[in-house]
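This report refers to the structure that appears directly beneath it.
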Amino acid sequence: MAGVVELTRREFEELVADALDTIPEHLAQLMDNVVITVEEESPDGLLGVYEGVPLTERGDTYFGVLPDVIHIYQRNICAICETRDQVVEEVGITVVHEIAHHFGIDDDRLIELGWG
């Protein structure tokens, strides 16, 4: 159901910000050198992507590097949703999923935890 939910960029960015606000404070404080961006769409249909070095893989030589980036893809998420509430839910799931990668949690473990 392509393009069922239409949101402005600002509305979507607010949903991403709201999803970030649900991250427990003690975890949010552990996030290090990571930027979260909203992109129009991913050509390969992904809802979000984490690019960087997970916290679990950073060693003594990790310094002076560009921030990790989490991309959240607005059009891709809106395309699979029929209502605004579904978009809110999917944004929340996608943000948590990609932040989990920042913490070194892989897709298999996320699926086990119900965040696949």
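Going through the structure tokens in order, the chains are called A, B, and so on, while each chain numbers its residues from 1 and the ligands are numbered from 1 in the order shown.
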Once you count only C-alpha atoms, what closest atom pair and distance in Å to one decimal does each residue of range 46-88 of chain A within 10 Å of range 98-107 of chain A have, with rows by chain and rising residue number, as JSON lines?
{"residue": "A:Leu47", "atom": "CA", "partner": "A:Glu98", "partner_atom": "CA", "distance": 9.7}
{"residue": "A:Gly48", "atom": "CA", "partner": "A:Glu98", "partner_atom": "CA", "distance": 6.7}
{"residue": "A:Val49", "atom": "CA", "partner": "A:Glu98", "partner_atom": "CA", "distance": 6.4}
{"residue": "A:Tyr50", "atom": "CA", "partner": "A:Glu98", "partner_atom": "CA", "distance": 5.5}
{"residue": "A:Glu51", "atom": "CA", "partner": "A:His102", "partner_atom": "CA", "distance": 8.5}
{"residue": "A:Gly52", "atom": "CA", "partner": "A:His102", "partner_atom": "CA", "distance": 7.6}
{"residue": "A:Val53", "atom": "CA", "partner": "A:His102", "partner_atom": "CA", "distance": 7.2}
{"residue": "A:Pro54", "atom": "CA", "partner": "A:His102", "partner_atom": "CA", "distance": 4.6}
{"residue": "A:Leu55", "atom": "CA", "partner": "A:Phe103", "partner_atom": "CA", "distance": 5.3}
{"residue": "A:Thr56", "atom": "CA", "partner": "A:Gly104", "partner_atom": "CA", "distance": 5.4}
{"residue": "A:Glu57", "atom": "CA", "partner": "A:Gly104", "partner_atom": "CA", "distance": 7.5}
{"residue": "A:Asp68", "atom": "CA", "partner": "A:His102", "partner_atom": "CA", "distance": 8.0}
{"residue": "A:Val69", "atom": "CA", "partner": "A:His102", "partner_atom": "CA", "distance": 9.2}
{"residue": "A:Ile70", "atom": "CA", "partner": "A:Glu98", "partner_atom": "CA", "distance": 6.5}
{"residue": "A:His71", "atom": "CA", "partner": "A:Glu98", "partner_atom": "CA", "distance": 8.4}
{"residue": "A:Ile72", "atom": "CA", "partner": "A:Glu98", "partner_atom": "CA", "distance": 8.7}
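Our summary of the geometry notes that CA of Leu7 in chain A is positioned 13.2 Å from CA of Glu39 in chain A.
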Worksheet entry | Spatial neighbours of Glu14 in chain A, 12 Å, only C-alpha atoms, chain gap at least 6 places, as a ChimeraX atom specification | /A:7-8,20-21,37-38,74,87-88,91-92
Practice prompt. Among the residues of chain A, find those DSSP assigns to strand (DSSP E) from the backbone and print them as a list in words.
Written response: Val34, Val35, Ile36, Thr37, Val38, Glu39, Gly48, Val49, Tyr50, Glu51, Asp68, Val69, Ile70, His71, Ile72 and Tyr73 of chain A
Practice prompt. Please measure the separation of CA of Val65 in chain A and CA of Arg109 in chain A, giving the value in Å to one decimal.
Written response: 27.3 Å
